[in-house]
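Colleague: Sharing structure.tsv here; it has TSV, C-alpha atoms.
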```tsv
chain	number	residue	atom	x	y	z
C	1	MET	CA	7.10	-6.28	-2.52
C	2	GLY	CA	7.73	-3.94	-5.35
C	3	ILE	CA	5.93	-0.72	-4.72
C	4	THR	CA	7.36	0.12	-1.32
C	5	SER	CA	10.09	2.69	-1.66
C	6	SER	CA	13.18	2.88	0.48
C	7	ALA	CA	11.92	6.26	1.70
C	8	ASP	CA	8.84	4.56	3.15
C	9	LEU	CA	11.00	2.23	5.20
C	10	ARG	CA	13.70	4.72	6.21
C	11	PRO	CA	13.13	6.60	9.46
C	12	GLU	CA	13.14	10.38	9.47
C	13	ASN	CA	15.06	10.21	12.73
C	14	SER	CA	17.65	7.46	12.69
C	15	ASP	CA	17.85	7.25	16.50
C	16	PRO	CA	16.14	3.90	17.30
C	17	LYS	CA	15.42	4.90	20.89
C	18	SER	CA	13.42	7.95	19.84
C	19	GLN	CA	11.43	5.82	17.36
C	20	LYS	CA	10.44	3.37	20.12
C	21	GLU	CA	9.44	6.13	22.52
C	22	LYS	CA	6.96	7.81	20.17
C	23	GLN	CA	3.40	7.48	21.36
C	24	VAL	CA	0.75	7.53	18.64
C	25	GLN	CA	-2.72	8.83	19.40
C	26	PRO	CA	-5.52	6.89	17.62
C	27	GLU	CA	-7.41	10.02	16.60
C	28	LYS	CA	-4.38	11.26	14.69
C	29	VAL	CA	-4.10	8.25	12.40
C	30	GLY	CA	-4.48	9.40	8.81
C	31	ASP	CA	-3.74	13.03	9.69
C	32	SER	CA	-0.14	12.94	8.58
C	33	SER	CA	2.02	11.01	6.17
C	34	SER	CA	4.81	10.99	8.74
C	35	LEU	CA	2.59	9.42	11.40
C	36	TRP	CA	1.98	6.17	9.52
C	37	ARG	CA	5.63	6.13	8.49
C	38	ASP	CA	6.61	6.42	12.16
C	39	GLN	CA	4.25	3.56	13.01
C	40	LEU	CA	5.71	1.50	10.18
C	41	GLN	CA	9.21	2.10	11.55
C	42	VAL	CA	8.21	0.81	14.97
C	43	PHE	CA	6.32	-2.13	13.45
C	44	MET	CA	9.35	-3.13	11.38
C	45	LYS	CA	11.73	-2.81	14.33
C	46	GLU	CA	9.50	-4.94	16.54
C	47	GLY	CA	9.10	-7.73	13.98
C	48	PRO	CA	11.11	-10.86	13.24
C	49	CYS	CA	13.11	-9.03	10.55
C	50	LYS	CA	14.39	-6.31	12.89
C	51	GLU	CA	18.07	-7.11	12.23
C	52	THR	CA	17.50	-7.31	8.50
C	53	TYR	CA	15.53	-4.07	8.65
C	54	THR	CA	18.39	-2.34	10.46
C	55	ALA	CA	20.83	-3.64	7.84
C	56	PHE	CA	18.42	-2.40	5.14
C	57	GLN	CA	18.35	1.08	6.70
C	58	ASP	CA	22.14	1.15	6.89
C	59	CYS	CA	22.36	0.08	3.25
C	60	VAL	CA	19.89	2.77	2.13
C	61	GLU	CA	21.76	5.48	4.04
C	62	GLU	CA	25.11	4.30	2.66
C	63	THR	CA	23.89	4.27	-0.94
C	64	ALA	CA	22.20	7.66	-0.48
C	65	GLU	CA	25.49	9.14	0.70
C	66	LYS	CA	27.14	7.76	-2.44
C	67	LYS	CA	24.20	9.02	-4.54
C	68	LYS	CA	23.48	5.53	-5.82
C	69	GLU	CA	20.22	3.67	-6.39
C	70	SER	CA	19.31	1.82	-3.20
C	71	ILE	CA	16.30	-0.39	-3.89
C	72	GLY	CA	18.13	-2.85	-6.16
C	73	LYS	CA	20.98	-3.24	-3.72
C	74	CYS	CA	19.19	-3.01	-0.38
C	75	PHE	CA	15.61	-4.16	-0.74
C	76	PRO	CA	15.99	-7.85	-1.73
C	77	MET	CA	17.34	-8.86	1.67
C	78	LEU	CA	14.43	-7.21	3.47
C	79	ASP	CA	11.87	-8.49	0.98
C	80	LYS	CA	13.03	-12.10	1.43
C	81	CYS	CA	12.87	-11.84	5.21
C	82	MET	CA	9.39	-10.28	5.12
C	83	GLU	CA	8.16	-13.04	2.80
C	84	ALA	CA	9.67	-15.67	5.11
C	85	HIS	CA	7.78	-14.09	8.03
C	86	SER	CA	4.63	-13.23	6.11
C	87	ASP	CA	2.46	-14.11	9.10
C	88	TYR	CA	3.75	-10.99	10.89
C	89	TYR	CA	4.17	-8.79	7.81
C	90	GLN	CA	0.89	-9.82	6.17
C	91	PRO	CA	-0.78	-6.38	6.57
C	92	ILE	CA	2.11	-4.63	4.83
C	93	LEU	CA	2.39	-7.27	2.11
C	94	ALA	CA	-1.39	-7.20	1.56
C	95	ALA	CA	-1.38	-3.40	1.23
C	96	GLU	CA	1.40	-3.59	-1.33
C	97	ASN	CA	-0.37	-6.33	-3.28
C	98	ALA	CA	-3.58	-4.27	-3.36
C	99	ALA	CA	-1.63	-1.32	-4.75
C	100	LEU	CA	-0.01	-3.54	-7.38
C	101	GLU	CA	-3.46	-4.77	-8.41
C	102	LEU	CA	-4.46	-1.15	-9.08
C	103	LEU	CA	-1.44	-0.79	-11.33
C	104	MET	CA	-2.28	-4.02	-13.13
C	105	LYS	CA	-5.76	-2.70	-13.98
C	106	GLU	CA	-4.06	0.07	-15.95
C	107	GLU	CA	-1.30	-2.13	-17.35
C	108	GLU	CA	-2.35	-2.08	-21.02
C	109	ARG	CA	-2.74	1.70	-21.13
C	110	LEU	CA	0.50	2.27	-19.21
C	111	LEU	CA	2.47	-0.12	-21.44
C	112	ALA	CA	1.27	1.67	-24.55
C	113	MET	CA	2.32	5.00	-23.07
C	114	LEU	CA	5.71	3.73	-21.92
C	115	LYS	CA	6.42	2.23	-25.35
C	116	GLY	CA	6.10	5.74	-26.80
C	117	GLY	CA	7.57	9.08	-25.92
C	118	GLY	CA	11.11	10.00	-25.03
C	119	CYS	CA	11.71	6.99	-22.79
C	120	LYS	CA	10.88	4.25	-25.28
C	121	GLU	CA	14.46	2.90	-25.38
C	122	SER	CA	14.86	2.97	-21.59
C	123	PHE	CA	11.51	1.26	-21.14
C	124	MET	CA	12.29	-1.45	-23.69
C	125	ALA	CA	15.63	-2.15	-21.94
C	126	TRP	CA	13.74	-2.37	-18.63
C	127	LEU	CA	11.13	-4.68	-20.17
C	128	ASP	CA	13.83	-6.93	-21.68
C	129	CYS	CA	15.58	-7.12	-18.30
C	130	SER	CA	12.30	-7.92	-16.57
C	131	GLU	CA	11.50	-10.73	-19.01
C	132	GLU	CA	15.02	-12.14	-18.75
C	133	ALA	CA	14.87	-12.11	-14.94
C	134	GLU	CA	11.54	-13.92	-15.01
C	135	LYS	CA	12.74	-16.46	-17.59
C	136	ASN	CA	15.91	-17.22	-15.60
C	137	LYS	CA	14.12	-17.11	-12.22
C	138	GLN	CA	16.33	-14.24	-11.05
C	139	ASP	CA	15.46	-11.52	-8.59
C	140	PHE	CA	14.12	-8.65	-10.72
C	141	ILE	CA	14.99	-5.93	-8.22
C	142	THR	CA	18.63	-6.97	-8.05
C	143	LYS	CA	19.07	-7.83	-11.71
C	144	CYS	CA	17.33	-4.77	-13.14
C	145	ALA	CA	18.33	-2.05	-10.67
C	146	GLY	CA	20.50	-0.23	-13.18
C	147	VAL	CA	17.97	-0.15	-16.02
C	148	SER	CA	15.22	0.72	-13.52
C	149	ALA	CA	17.22	3.72	-12.31
C	150	LYS	CA	17.82	4.86	-15.90
C	151	LEU	CA	14.13	4.51	-16.70
C	152	ASP	CA	13.18	6.50	-13.58
C	153	LYS	CA	15.56	9.31	-14.55
C	154	CYS	CA	14.19	9.35	-18.08
C	155	LEU	CA	10.58	9.42	-16.89
C	156	ASP	CA	11.41	12.31	-14.58
C	157	ALA	CA	13.08	14.16	-17.45
C	158	HIS	CA	9.95	13.67	-19.60
C	159	SER	CA	7.44	14.04	-16.79
C	160	GLU	CA	4.98	16.13	-18.78
C	161	TYR	CA	4.40	13.39	-21.37
C	162	TYR	CA	4.32	10.65	-18.73
C	163	GLN	CA	2.04	12.53	-16.31
C	164	PRO	CA	-0.80	9.95	-16.70
C	165	TYR	CA	1.68	7.22	-15.71
C	166	PHE	CA	2.75	9.18	-12.63
C	167	ALA	CA	-0.90	9.76	-11.70
C	168	VAL	CA	-1.64	6.02	-11.71
C	169	VAL	CA	1.48	5.25	-9.67
C	170	LYS	CA	0.59	7.98	-7.18
C	171	THR	CA	-2.93	6.58	-6.82
C	172	ALA	CA	-1.50	3.11	-6.15
C	173	GLU	CA	0.95	4.47	-3.58
C	174	GLU	CA	-1.81	6.42	-1.84
C	175	HIS	CA	-3.96	3.29	-1.77
C	176	MET	CA	-1.12	1.39	-0.11
C	177	GLU	CA	-0.58	4.19	2.41
C	178	ASN	CA	-4.30	4.18	3.24
C	179	GLU	CA	-4.26	0.42	3.78
C	180	VAL	CA	-1.23	0.69	6.09
C	181	GLN	CA	-2.84	3.59	7.97
C	182	ALA	CA	-6.02	1.54	8.41
C	183	PHE	CA	-4.00	-1.36	9.78
C	184	PHE	CA	-2.29	0.86	12.33
C	185	SER	CA	-5.54	2.54	13.34
C	186	ARG	CA	-7.08	-0.89	14.05
C	187	LYS	CA	-3.98	-1.85	16.01
C	188	GLN	CA	-4.34	1.09	18.45
C	189	PRO	CA	-5.61	0.21	21.96
```
Can you give me the file's structure in the form of structure tokens?
Modeller:
Amino acid sequence: MGITSSADLRPENSDPKSQKEKQVQPEKVGDSSSLWRDQLQVFMKEGPCKETYTAFQDCVEETAEKKKESIGKCFPMLDKCMEAHSDYYQPILAAENAALELLMKEEERLLAMLKGGGCKESFMAWLDCSEEAEKNKQDFITKCAGVSAKLDKCLDAHSEYYQPYFAVVKTAEEHMENEVQAFFSRKQP
């Protein structure tokens, strides 16, 4: 799982009891970004990785308070658990994989863009880290968190040039959200 952000998995209201008590009306599915996020929170807390998910949430909140990058530190533990229990998490993993496939269709164009512009050096450092992690069979998210954060900051600082990149990423994220929303709408009684 690479495209899921910590914000997608972090509840808006950290009170677990209030998350469990929310009732979702089937006709409202797709009406609001927060609705599918609420459903995802409940789904995650009811699954076999509920303890890991709670630890993930705590990690994300702790790193946010310290204004540090959270995905590299917090996500690997949750990702491993979800992969180990892929029978339960299959709809979420499938939605993420579909979104990644959309990104892969644009890979050549995106790589050319990222190799140019004001973030060339940050991107090349990220690419080197990625290749090294793959070569050494290391977890990319953990190994490359620092260079990923630097690349993200650079891309944000040069957002006008990289707008086509952001548009493709946004399309992939929206595709994933739609897939997750569809799953939850089918799950309704």
Colleague: Extract, using only C-alpha atoms, all DNA, RNA and protein residues at most 8 Å from Cys49 in chain C, discarding same-chain residues fewer than 2 positions from it, and format them as a PDB file with C-alpha atoms, in the coordinates of the input.
Modeller:
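Everything below was put into around-v9.pdb:
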```pdb
ATOM      1  CA  MET C  44       9.350  -3.130  11.380  1.00  0.00           C
ATOM      2  CA  LYS C  45      11.730  -2.810  14.330  1.00  0.00           C
ATOM      3  CA  GLY C  47       9.100  -7.730  13.980  1.00  0.00           C
ATOM      4  CA  GLU C  51      18.070  -7.110  12.230  1.00  0.00           C
ATOM      5  CA  THR C  52      17.500  -7.310   8.500  1.00  0.00           C
ATOM      6  CA  TYR C  53      15.530  -4.070   8.650  1.00  0.00           C
ATOM      7  CA  LEU C  78      14.430  -7.210   3.470  1.00  0.00           C
ATOM      8  CA  CYS C  81      12.870 -11.840   5.210  1.00  0.00           C
ATOM      9  CA  MET C  82       9.390 -10.280   5.120  1.00  0.00           C
ATOM     10  CA  HIS C  85       7.780 -14.090   8.030  1.00  0.00           C
TER      11      HIS C  85
END
```
Colleague: Could you list, as a PyMOL selection string, every residue within 12 Å of Leu102 in chain C, counting only C-alpha atoms and ignoring same-chain residues fewer than 2 positions away?
Modeller: chain C and resi 3+95-100+104-107+110+167-176
Colleague: Write out as a list of chain:residue names which residues come within 12 Å of Lys68 in chain C when counting only C-alpha atoms, dropping same-chain ones fewer than 4 positions away.
Modeller: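 Here the qualifying residues turn out to be C:Cys59, C:Val60, C:Glu61, C:Glu62, C:Thr63, C:Ala64, C:Gly72, C:Lys73, C:Cys74, C:Ala145, C:Gly146, C:Ala149, C:Lys150.
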Colleague: Go ahead and compute the interatomic distance for CA of Lys80 in chain C and CA of Lys135 in chain C, in Å to one decimal.
Modeller: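 Pair CA of Lys80 in chain C / CA of Lys135 in chain C returns 19.5 Å.
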Colleague: Name the residues in contact with Leu114 in chain C at a cut-off of 10 Å, using only C-alpha atoms, excluding same-chain residues fewer than 3 positions from it; report them as a PyMOL selection string.
Modeller: chain C and resi 108-111+117-124+151+155+161-162+165
Colleague: So the first atom is CA of Met77 in chain C and the second is CA of Phe184 in chain C; what is the distance between them in Å, to one decimal place?
Modeller: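 CA of Phe184 in chain C lies at a distance of 24.4 Å from CA of Met77 in chain C.
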